[in-house]
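Have a look at target.pdb below; it lists PDB, C-alpha atoms.
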```
ATOM      1  CA  MET A 178      25.255  11.679 -54.462
ATOM      2  CA  ALA A 179      23.676  14.156 -56.888
ATOM      3  CA  PHE A 180      25.730  16.328 -59.207
ATOM      4  CA  ARG A 181      24.594  19.875 -59.859
ATOM      5  CA  PRO A 182      26.173  21.700 -62.790
ATOM      6  CA  THR A 183      26.811  25.355 -61.979
ATOM      7  CA  ARG A 184      28.555  28.116 -63.891
ATOM      8  CA  GLN A 185      32.069  28.886 -62.696
ATOM      9  CA  SER A 186      32.743  32.261 -61.196
ATOM     10  CA  ALA A 187      33.119  34.283 -64.365
ATOM     11  CA  LEU A 188      34.236  37.664 -65.445
ATOM     12  CA  PRO A 189      31.637  39.871 -67.050
ATOM     13  CA  GLY A 190      31.847  38.940 -70.711
ATOM     14  CA  ASP A 191      33.174  35.405 -70.215
ATOM     15  CA  ARG A 192      31.003  33.113 -72.336
ATOM     16  CA  GLY A 193      29.763  29.799 -71.099
ATOM     17  CA  ALA A 194      32.368  29.068 -68.411
ATOM     18  CA  MET A 195      30.790  26.065 -66.686
ATOM     19  CA  ASN A 196      31.744  23.304 -64.337
ATOM     20  CA  THR A 197      30.109  20.421 -62.543
ATOM     21  CA  THR A 198      30.247  20.498 -58.761
ATOM     22  CA  GLN A 199      29.327  17.753 -56.352
ATOM     23  CA  ALA A 200      26.511  18.507 -53.917
ATOM     24  CA  HIS A 201      26.781  17.169 -50.382
ATOM     25  CA  ASP A 202      23.184  17.812 -49.379
ATOM     26  CA  LYS A 203      19.807  18.465 -50.933
ATOM     27  CA  ARG A 204      19.707  22.190 -50.398
ATOM     28  CA  PRO A 205      19.418  24.318 -53.538
ATOM     29  CA  ALA A 206      22.841  25.217 -54.878
ATOM     30  CA  GLY A 207      22.781  28.899 -55.813
ATOM     31  CA  CYS A 208      24.454  29.878 -59.071
ATOM     32  CA  ARG A 209      27.708  31.622 -58.463
ATOM     33  CA  THR A 210      28.237  35.371 -58.494
ATOM     34  CA  PRO A 211      30.816  36.659 -61.007
ATOM     35  CA  ALA A 212      34.112  37.387 -59.280
ATOM     36  CA  ALA A 213      36.152  40.558 -59.395
ATOM     37  CA  SER A 214      39.163  40.594 -61.712
ATOM     38  CA  THR A 215      42.211  42.612 -62.668
ATOM     39  CA  ARG A 216      41.848  41.642 -66.342
ATOM     40  CA  PRO A 217      41.178  44.459 -68.853
ATOM     41  CA  PRO A 218      37.535  45.366 -69.420
ATOM     42  CA  VAL A 219      35.670  43.159 -71.871
ATOM     43  CA  THR A 220      32.268  43.349 -73.478
ATOM     44  CA  PRO A 221      29.670  42.703 -70.763
ATOM     45  CA  PRO A 222      27.462  39.633 -71.069
ATOM     46  CA  ALA A 223      24.044  39.983 -72.646
ATOM     47  CA  ILE A 224      22.236  39.491 -69.327
ATOM     48  CA  GLN A 225      23.760  39.239 -65.865
ATOM     49  CA  VAL A 226      21.721  38.539 -62.768
ATOM     50  CA  VAL A 227      23.668  38.825 -59.518
ATOM     51  CA  GLY A 228      22.274  38.137 -56.043
ATOM     52  CA  LEU A 229      18.733  39.028 -57.127
ATOM     53  CA  THR A 230      16.155  38.945 -54.321
ATOM     54  CA  LYS A 231      12.517  39.980 -54.539
ATOM     55  CA  ARG A 232       9.828  39.736 -51.866
ATOM     56  CA  PHE A 233       6.086  40.277 -52.118
ATOM     57  CA  GLY A 234       5.004  40.833 -48.531
ATOM     58  CA  ARG A 235       6.149  37.770 -46.589
ATOM     59  CA  THR A 236       6.638  35.720 -49.750
ATOM     60  CA  VAL A 237      10.179  35.508 -51.103
ATOM     61  CA  ALA A 238       9.690  35.068 -54.846
ATOM     62  CA  VAL A 239      13.400  35.098 -55.734
ATOM     63  CA  HIS A 240      16.300  34.615 -53.329
ATOM     64  CA  ASP A 241      19.956  35.467 -54.055
ATOM     65  CA  LEU A 242      19.650  34.393 -57.692
ATOM     66  CA  SER A 243      22.639  34.688 -60.040
ATOM     67  CA  PHE A 244      23.172  33.572 -63.628
ATOM     68  CA  THR A 245      24.545  34.825 -66.946
ATOM     69  CA  VAL A 246      23.173  34.764 -70.494
ATOM     70  CA  SER A 247      25.682  34.937 -73.361
ATOM     71  CA  TYR A 248      25.463  36.355 -76.859
ATOM     72  CA  GLY A 249      25.149  33.859 -79.688
ATOM     73  CA  ARG A 250      23.370  31.292 -77.500
ATOM     74  CA  VAL A 251      19.857  30.234 -76.558
ATOM     75  CA  THR A 252      19.458  29.860 -72.792
ATOM     76  CA  GLY A 253      16.528  27.867 -71.415
ATOM     77  CA  PHE A 254      15.122  29.294 -68.177
ATOM     78  CA  LEU A 255      13.291  26.473 -66.419
ATOM     79  CA  GLY A 256      11.436  25.916 -63.176
ATOM     80  CA  PRO A 257       8.099  24.792 -61.713
ATOM     81  CA  ASN A 258       5.121  27.112 -61.480
ATOM     82  CA  GLY A 259       5.825  29.602 -58.712
ATOM     83  CA  ALA A 260       9.603  29.125 -58.942
ATOM     84  CA  GLY A 261      10.207  32.820 -59.617
ATOM     85  CA  LYS A 262      10.800  32.761 -63.382
ATOM     86  CA  THR A 263       8.353  35.511 -64.346
ATOM     87  CA  THR A 264       9.466  37.656 -61.394
ATOM     88  CA  THR A 265      13.051  37.338 -62.597
ATOM     89  CA  LEU A 266      12.172  38.215 -66.189
ATOM     90  CA  ARG A 267      10.216  41.255 -65.030
ATOM     91  CA  ALA A 268      13.163  42.372 -62.890
ATOM     92  CA  ILE A 269      15.525  42.052 -65.854
ATOM     93  CA  LEU A 270      13.186  44.229 -67.921
ATOM     94  CA  GLY A 271      12.817  46.869 -65.202
ATOM     95  CA  LEU A 272       9.117  46.182 -64.634
ATOM     96  CA  ILE A 273       9.653  45.546 -60.929
ATOM     97  CA  ARG A 274      12.323  46.723 -58.510
ATOM     98  CA  SER A 275      14.381  44.103 -56.707
ATOM     99  CA  ASP A 276      14.917  44.199 -52.945
ATOM    100  CA  ALA A 277      18.556  43.184 -53.329
ATOM    101  CA  GLY A 278      21.019  42.334 -56.065
ATOM    102  CA  ALA A 279      20.936  43.453 -59.664
ATOM    103  CA  ALA A 280      19.831  42.404 -63.133
ATOM    104  CA  VAL A 281      21.565  44.115 -66.043
ATOM    105  CA  ILE A 282      21.406  43.961 -69.832
ATOM    106  CA  SER A 283      24.655  44.588 -71.667
ATOM    107  CA  GLY A 284      26.070  46.088 -68.480
ATOM    108  CA  HIS A 285      23.144  48.448 -67.762
ATOM    109  CA  THR A 286      19.923  48.237 -65.851
ATOM    110  CA  TYR A 287      16.961  48.515 -68.185
ATOM    111  CA  ALA A 288      16.242  52.065 -66.979
ATOM    112  CA  ASP A 289      19.792  53.124 -67.881
ATOM    113  CA  LEU A 290      19.917  51.588 -71.362
ATOM    114  CA  PRO A 291      20.673  54.345 -73.882
ATOM    115  CA  ASP A 292      18.335  52.805 -76.480
ATOM    116  CA  PRO A 293      16.241  50.055 -74.856
ATOM    117  CA  ALA A 294      14.035  49.289 -77.875
ATOM    118  CA  ARG A 295      17.107  48.534 -79.975
ATOM    119  CA  THR A 296      18.898  46.659 -77.188
ATOM    120  CA  VAL A 297      16.332  44.194 -75.841
ATOM    121  CA  GLY A 298      13.050  42.799 -77.105
ATOM    122  CA  ALA A 299      10.594  40.944 -74.907
ATOM    123  CA  LEU A 300       7.545  38.721 -75.106
ATOM    124  CA  LEU A 301       5.903  38.349 -71.699
ATOM    125  CA  ASP A 302       2.189  38.452 -72.537
ATOM    126  CA  ALA A 303       0.922  37.579 -76.003
ATOM    127  CA  SER A 304      -2.495  39.063 -75.184
ATOM    128  CA  ALA A 305      -1.071  42.585 -74.751
ATOM    129  CA  VAL A 306      -2.445  43.913 -78.036
ATOM    130  CA  HIS A 307      -5.546  45.984 -78.787
ATOM    131  CA  PRO A 308      -8.124  43.534 -80.202
ATOM    132  CA  GLY A 309      -9.502  46.134 -82.598
ATOM    133  CA  ARG A 310      -6.168  46.766 -84.309
ATOM    134  CA  SER A 311      -4.791  44.681 -87.120
ATOM    135  CA  GLY A 312      -1.429  43.048 -86.630
ATOM    136  CA  ARG A 313       0.084  45.483 -89.099
ATOM    137  CA  ASP A 314      -1.381  48.533 -87.363
ATOM    138  CA  HIS A 315      -0.218  47.239 -83.980
ATOM    139  CA  LEU A 316       3.369  46.993 -85.182
ATOM    140  CA  ARG A 317       3.205  50.292 -87.078
ATOM    141  CA  ALA A 318       2.027  52.129 -83.967
ATOM    142  CA  LEU A 319       4.870  50.674 -81.923
ATOM    143  CA  ALA A 320       7.371  51.436 -84.678
ATOM    144  CA  ALA A 321       6.240  55.075 -84.801
ATOM    145  CA  ALA A 322       6.551  55.402 -81.029
ATOM    146  CA  ALA A 323      10.104  54.035 -81.197
ATOM    147  CA  GLY A 324      11.136  56.142 -84.178
ATOM    148  CA  MET A 325      11.395  53.197 -86.569
ATOM    149  CA  PRO A 326      10.226  53.019 -90.194
ATOM    150  CA  ALA A 327       6.649  51.801 -90.701
ATOM    151  CA  GLU A 328       7.696  49.339 -93.409
ATOM    152  CA  ARG A 329       9.492  47.265 -90.794
ATOM    153  CA  ALA A 330       6.048  46.024 -89.697
ATOM    154  CA  GLY A 331       5.509  44.225 -92.993
ATOM    155  CA  ASP A 332       8.974  42.680 -92.937
ATOM    156  CA  LEU A 333       8.457  41.291 -89.441
ATOM    157  CA  LEU A 334       4.965  39.980 -90.133
ATOM    158  CA  ALA A 335       6.435  38.038 -93.036
ATOM    159  CA  ARG A 336       9.254  36.702 -90.873
ATOM    160  CA  VAL A 337       6.858  35.355 -88.237
ATOM    161  CA  GLY A 338       4.436  33.897 -90.774
ATOM    162  CA  LEU A 339       1.628  36.457 -90.404
ATOM    163  CA  ALA A 340       1.835  38.217 -93.761
ATOM    164  CA  ALA A 341      -1.523  36.785 -94.863
ATOM    165  CA  ALA A 342      -3.172  37.938 -91.616
ATOM    166  CA  ALA A 343      -1.544  41.383 -91.510
ATOM    167  CA  ARG A 344      -4.841  43.261 -92.046
ATOM    168  CA  GLN A 345      -6.868  40.985 -89.769
ATOM    169  CA  ARG A 346      -7.911  42.345 -86.381
ATOM    170  CA  ALA A 347      -5.795  40.915 -83.588
ATOM    171  CA  GLY A 348      -8.977  40.124 -81.648
ATOM    172  CA  GLY A 349      -9.619  37.365 -84.183
ATOM    173  CA  TYR A 350      -6.136  35.871 -83.899
ATOM    174  CA  SER A 351      -5.668  32.447 -82.362
ATOM    175  CA  LEU A 352      -3.315  32.130 -79.384
ATOM    176  CA  GLY A 353      -0.610  30.833 -81.708
ATOM    177  CA  MET A 354      -1.052  33.835 -84.014
ATOM    178  CA  ARG A 355      -0.863  36.207 -81.045
ATOM    179  CA  GLN A 356       2.377  34.519 -79.994
ATOM    180  CA  ARG A 357       3.785  35.108 -83.471
ATOM    181  CA  LEU A 358       2.690  38.759 -83.309
ATOM    182  CA  GLY A 359       4.347  39.029 -79.887
ATOM    183  CA  LEU A 360       7.575  37.691 -81.361
ATOM    184  CA  ALA A 361       7.372  40.241 -84.170
ATOM    185  CA  THR A 362       6.925  42.946 -81.531
ATOM    186  CA  ALA A 363       9.990  41.679 -79.648
ATOM    187  CA  LEU A 364      12.036  41.870 -82.859
ATOM    188  CA  LEU A 365      10.815  45.351 -83.836
ATOM    189  CA  GLY A 366      13.965  47.180 -82.735
ATOM    190  CA  ASP A 367      16.314  44.529 -84.183
ATOM    191  CA  PRO A 368      17.602  43.929 -80.620
ATOM    192  CA  ALA A 369      20.708  41.982 -79.674
ATOM    193  CA  VAL A 370      18.965  40.502 -76.610
ATOM    194  CA  LEU A 371      15.608  38.712 -76.472
ATOM    195  CA  VAL A 372      13.620  37.745 -73.356
ATOM    196  CA  LEU A 373      10.754  35.367 -74.112
ATOM    197  CA  ASP A 374       8.286  33.906 -71.610
ATOM    198  CA  GLU A 375       6.616  30.689 -72.834
ATOM    199  CA  PRO A 376       6.698  31.634 -76.539
ATOM    200  CA  ALA A 377       5.547  28.129 -77.591
ATOM    201  CA  ASN A 378       2.158  28.484 -75.852
ATOM    202  CA  GLY A 379      -0.649  27.939 -78.363
ATOM    203  CA  LEU A 380       1.621  26.853 -81.212
ATOM    204  CA  ASP A 381       0.800  23.658 -83.097
ATOM    205  CA  PRO A 382       3.581  21.128 -83.908
ATOM    206  CA  GLU A 383       4.454  22.961 -87.130
ATOM    207  CA  GLY A 384       4.572  26.249 -85.220
ATOM    208  CA  ILE A 385       6.812  24.762 -82.526
ATOM    209  CA  ARG A 386       9.217  23.532 -85.189
ATOM    210  CA  TRP A 387       9.154  27.005 -86.764
ATOM    211  CA  LEU A 388       9.853  28.620 -83.373
ATOM    212  CA  ARG A 389      12.796  26.316 -82.772
ATOM    213  CA  ASP A 390      14.316  27.252 -86.127
ATOM    214  CA  LEU A 391      13.679  30.954 -85.448
ATOM    215  CA  LEU A 392      15.386  30.915 -82.051
ATOM    216  CA  ARG A 393      18.361  29.009 -83.433
ATOM    217  CA  SER A 394      18.662  31.464 -86.331
ATOM    218  CA  LEU A 395      18.536  34.438 -83.950
ATOM    219  CA  ALA A 396      21.357  32.961 -81.882
ATOM    220  CA  ALA A 397      23.321  32.232 -85.054
ATOM    221  CA  GLU A 398      23.077  35.946 -85.864
ATOM    222  CA  GLY A 399      24.908  36.622 -82.572
ATOM    223  CA  ARG A 400      21.883  37.525 -80.471
ATOM    224  CA  ALA A 401      21.281  36.315 -76.925
ATOM    225  CA  VAL A 402      17.960  34.524 -76.376
ATOM    226  CA  LEU A 403      16.610  33.837 -72.878
ATOM    227  CA  VAL A 404      13.516  31.658 -73.150
ATOM    228  CA  SER A 405      11.281  30.371 -70.363
ATOM    229  CA  SER A 406       9.378  27.183 -71.204
ATOM    230  CA  HIS A 407       7.670  24.138 -69.719
ATOM    231  CA  VAL A 408       7.990  22.141 -72.960
ATOM    232  CA  LEU A 409      11.146  20.313 -71.905
ATOM    233  CA  ALA A 410      11.385  18.001 -74.913
ATOM    234  CA  GLU A 411      11.422  21.041 -77.174
ATOM    235  CA  VAL A 412      13.856  22.906 -74.912
ATOM    236  CA  ALA A 413      16.249  19.974 -75.233
ATOM    237  CA  GLN A 414      16.224  20.406 -79.030
ATOM    238  CA  THR A 415      16.642  24.177 -78.971
ATOM    239  CA  VAL A 416      18.873  25.549 -76.224
ATOM    240  CA  ASP A 417      22.621  25.756 -75.722
ATOM    241  CA  ASP A 418      22.552  26.543 -71.993
ATOM    242  CA  VAL A 419      20.146  25.794 -69.157
ATOM    243  CA  VAL A 420      19.301  27.652 -65.953
ATOM    244  CA  ILE A 421      16.955  25.803 -63.581
ATOM    245  CA  ILE A 422      15.426  27.525 -60.569
ATOM    246  CA  CYS A 423      13.170  26.224 -57.834
ATOM    247  CA  GLY A 424      11.762  28.051 -54.846
ATOM    248  CA  GLY A 425      13.345  31.248 -56.114
ATOM    249  CA  ARG A 426      16.852  29.765 -56.030
ATOM    250  CA  CYS A 427      19.165  28.498 -58.741
ATOM    251  CA  VAL A 428      19.622  24.724 -58.651
ATOM    252  CA  ALA A 429      21.547  24.324 -61.918
ATOM    253  CA  GLU A 430      23.325  26.440 -64.509
ATOM    254  CA  ALA A 431      25.287  24.730 -67.263
ATOM    255  CA  SER A 432      25.497  24.103 -70.952
ATOM    256  CA  LEU A 433      22.985  21.465 -72.051
ATOM    257  CA  GLY A 434      25.816  19.074 -72.913
ATOM    258  CA  GLU A 435      27.425  19.414 -69.490
ATOM    259  CA  LEU A 436      24.096  18.982 -67.750
ATOM    260  CA  GLU A 437      23.335  15.787 -69.660
ATOM    261  CA  GLY A 438      26.902  14.574 -69.114
ATOM    262  CA  ALA A 439      26.474  14.936 -65.348
ATOM    263  CA  TYR A 440      23.452  12.605 -65.477
ATOM    264  CA  PRO A 441      24.376   9.872 -67.991
ATOM    265  CA  GLY A 442      21.397   8.226 -69.644
ATOM    266  CA  SER A 443      18.924  10.836 -68.357
ATOM    267  CA  THR A 444      16.805  13.150 -70.460
ATOM    268  CA  LEU A 445      16.489  16.841 -69.679
ATOM    269  CA  GLU A 446      13.045  16.072 -68.261
ATOM    270  CA  ASP A 447      14.534  13.428 -65.941
ATOM    271  CA  ILE A 448      17.222  15.830 -64.764
ATOM    272  CA  TYR A 449      14.767  18.678 -64.293
ATOM    273  CA  LEU A 450      12.396  16.534 -62.212
ATOM    274  CA  GLN A 451      15.236  15.219 -60.064
ATOM    275  CA  LEU A 452      16.614  18.675 -59.334
ATOM    276  CA  THR A 453      13.295  20.387 -58.712
ATOM    277  CA  SER A 454      11.682  17.590 -56.702
ATOM    278  CA  SER A 455      14.652  17.444 -54.329
ATOM    279  CA  ASN A 456      14.579  21.219 -53.845
ATOM    280  CA  ARG A 457      10.864  21.950 -53.700
ATOM    281  CA  ASN A 458      10.461  21.325 -49.975
ATOM    282  CA  GLY A 459       7.043  19.810 -50.533
ATOM    283  CA  ASP A 460       5.539  22.879 -52.191
ATOM    284  CA  PRO A 461       3.182  22.094 -55.078
ATOM    285  CA  SER A 462       4.025  23.539 -58.496
TER     286      SER A 462
END
```

Take the structure in this file and express it as structure tokens.
Amino acid sequence: MAFRPTRQSALPGDRGAMNTTQAHDKRPAGCRTPAASTRPPVTPPAIQVVGLTKRFGRTVAVHDLSFTVSYGRVTGFLGPNGAGKTTTLRAILGLIRSDAGAAVISGHTYADLPDPARTVGALLDASAVHPGRSGRDHLRALAAAAGMPAERAGDLLARVGLAAAARQRAGGYSLGMRQRLGLATALLGDPAVLVLDEPANGLDPEGIRWLRDLLRSLAAEGRAVLVSSHVLAEVAQTVDDVVIICGGRCVAEASLGELEGAYPGSTLEDIYLQLTSSNRNGDPS
């Protein structure tokens, strides 16, 4: 009998309320929708996805997906290729419109955020930079558009390890350097929420270690970090919470400790493969 950790029905603002429920079949167990309450209003969670569904023609990319991301924690967002991770991230950031459900940041849809650049930062595509611009000019242009001081570009380039390459054209950057520039872009508005899609792509072992330390430091500052990754060994060393989806549905949501406790002696990779293989319905990743 397999155990699937899922987050308890939680009030908006409740942090990390988790439990481990026993599954009686092999169908994906959707993460639970936050319940109504008579308690006084509290600060909303960093990210709340409730009943999210998105179709592309006849293909259902995401189906009735719910999970919560808390401030002060790194949440790993995991799933096979085609599981619906990127669709979900794009819905959170208002880049696509869902067919049902909602995805909100600090209690607002992205379109309704009063100051989106200072609320959420995102890295979805490290190649989204003009190849003829230097890293410094790229950040300065974005800072000007957002009404931020130009000197912030230099500070961020130093933080992500690109100070020496600040005047170099981005077209000559390696993939790892473009990832670092993308992280600097995500941090430009000093946001409380970060959404990162495969930020370790192209990083060498030293860069991966640096990224781990950066994400942990951002969470320690009280920020919420939602990070999608296929590097499960690294995820296991970095995250506090885990959300696993497969076939557009949530199959697990728990703290990393609770997830590992539900499968004694198993690594995160073992757990991930067990949950996704039993819920993939034969579809290749």

- Task: Just the residues within 6 Å of Arg346 in chain A, please, counting all atoms listed in the file, with nothing from its chain fewer than 2 positions along; format it as a PyMOL selection string.
- Result: chain A and resi 309-311+348-349

- Message: Taking all atoms listed in the file into account, name the residue in A:Ser275, A:Ser243, A:Thr415, A:Thr264 that is nearest to Leu395 in chain A.
- Response: A:Thr415

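Considering only C-alpha atoms, the residue among A:Gly259, A:Gly253, A:Gly298, A:Pro293 positioned nearest to Ala431 in chain A is A:Gly253.
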
- Message: Can you translate the PyMOL selection byres ((chain A and resi 382-392) around 8) into the concrete residues it hits in this file, as a PyMOL selection string?
- Response: chain A and resi 251+353+377+380-381+393-396+402+411+414-415

Using the selection just defined, write its residues with C-alpha atoms as a PDB file, in the coordinates of the input.
```pdb
ATOM      1  CA  VAL A 251      19.857  30.234 -76.558  1.00  0.00           C
ATOM      2  CA  GLY A 353      -0.610  30.833 -81.708  1.00  0.00           C
ATOM      3  CA  ALA A 377       5.547  28.129 -77.591  1.00  0.00           C
ATOM      4  CA  LEU A 380       1.621  26.853 -81.212  1.00  0.00           C
ATOM      5  CA  ASP A 381       0.800  23.658 -83.097  1.00  0.00           C
ATOM      6  CA  ARG A 393      18.361  29.009 -83.433  1.00  0.00           C
ATOM      7  CA  SER A 394      18.662  31.464 -86.331  1.00  0.00           C
ATOM      8  CA  LEU A 395      18.536  34.438 -83.950  1.00  0.00           C
ATOM      9  CA  ALA A 396      21.357  32.961 -81.882  1.00  0.00           C
ATOM     10  CA  VAL A 402      17.960  34.524 -76.376  1.00  0.00           C
ATOM     11  CA  GLU A 411      11.422  21.041 -77.174  1.00  0.00           C
ATOM     12  CA  GLN A 414      16.224  20.406 -79.030  1.00  0.00           C
ATOM     13  CA  THR A 415      16.642  24.177 -78.971  1.00  0.00           C
TER      14      THR A 415
END
```

- Residues at most 10 Å from range 365-372 of chain A, counting all atoms listed in the file, excluding those fewer than 4 positions away in the same chain, as an NGL selection string? :A and (223-224 or 246-249 or 251-252 or 266-267 or 269-270 or 282-283 or 292-301 or 316-317 or 319-320 or 323-326 or 329-330 or 332-333 or 359-361 or 376 or 392 or 395-396 or 398-405)

- Computed interatomic separation between CA of Lys262 in chain A and CA of Thr220 in chain A (Å): 26.0 Å

Show me, as JSON, the centre and edge lengths in Å to one decimal of the axis-aligned box that covers every listed atom of range 326-330 of chain A with 6 Å on each side.
```
{"center_x": 8.1, "center_y": 49.5, "center_z": -91.6, "size_x": 16.2, "size_y": 19.0, "size_z": 15.7}
```

Pull out every residue that the PyMOL selection byres ((chain A and resi 444) around 12) matches in the shown coordinates and put them as an mmCIF file with C-alpha atoms, in the frame of the given file.
```cif
data_model
loop_
_atom_site.group_PDB
_atom_site.id
_atom_site.type_symbol
_atom_site.label_atom_id
_atom_site.label_comp_id
_atom_site.auth_asym_id
_atom_site.auth_seq_id
_atom_site.Cartn_x
_atom_site.Cartn_y
_atom_site.Cartn_z
ATOM 1 C CA LEU A 409 11.146 20.313 -71.905
ATOM 2 C CA ALA A 410 11.385 18.001 -74.913
ATOM 3 C CA GLU A 411 11.422 21.041 -77.174
ATOM 4 C CA VAL A 412 13.856 22.906 -74.912
ATOM 5 C CA ALA A 413 16.249 19.974 -75.233
ATOM 6 C CA GLN A 414 16.224 20.406 -79.030
ATOM 7 C CA LEU A 433 22.985 21.465 -72.051
ATOM 8 C CA GLY A 434 25.816 19.074 -72.913
ATOM 9 C CA LEU A 436 24.096 18.982 -67.750
ATOM 10 C CA GLU A 437 23.335 15.787 -69.660
ATOM 11 C CA GLY A 438 26.902 14.574 -69.114
ATOM 12 C CA ALA A 439 26.474 14.936 -65.348
ATOM 13 C CA TYR A 440 23.452 12.605 -65.477
ATOM 14 C CA PRO A 441 24.376 9.872 -67.991
ATOM 15 C CA GLY A 442 21.397 8.226 -69.644
ATOM 16 C CA SER A 443 18.924 10.836 -68.357
ATOM 17 C CA LEU A 445 16.489 16.841 -69.679
ATOM 18 C CA GLU A 446 13.045 16.072 -68.261
ATOM 19 C CA ASP A 447 14.534 13.428 -65.941
ATOM 20 C CA ILE A 448 17.222 15.830 -64.764
ATOM 21 C CA TYR A 449 14.767 18.678 -64.293
ATOM 22 C CA LEU A 450 12.396 16.534 -62.212
ATOM 23 C CA GLN A 451 15.236 15.219 -60.064
#
```
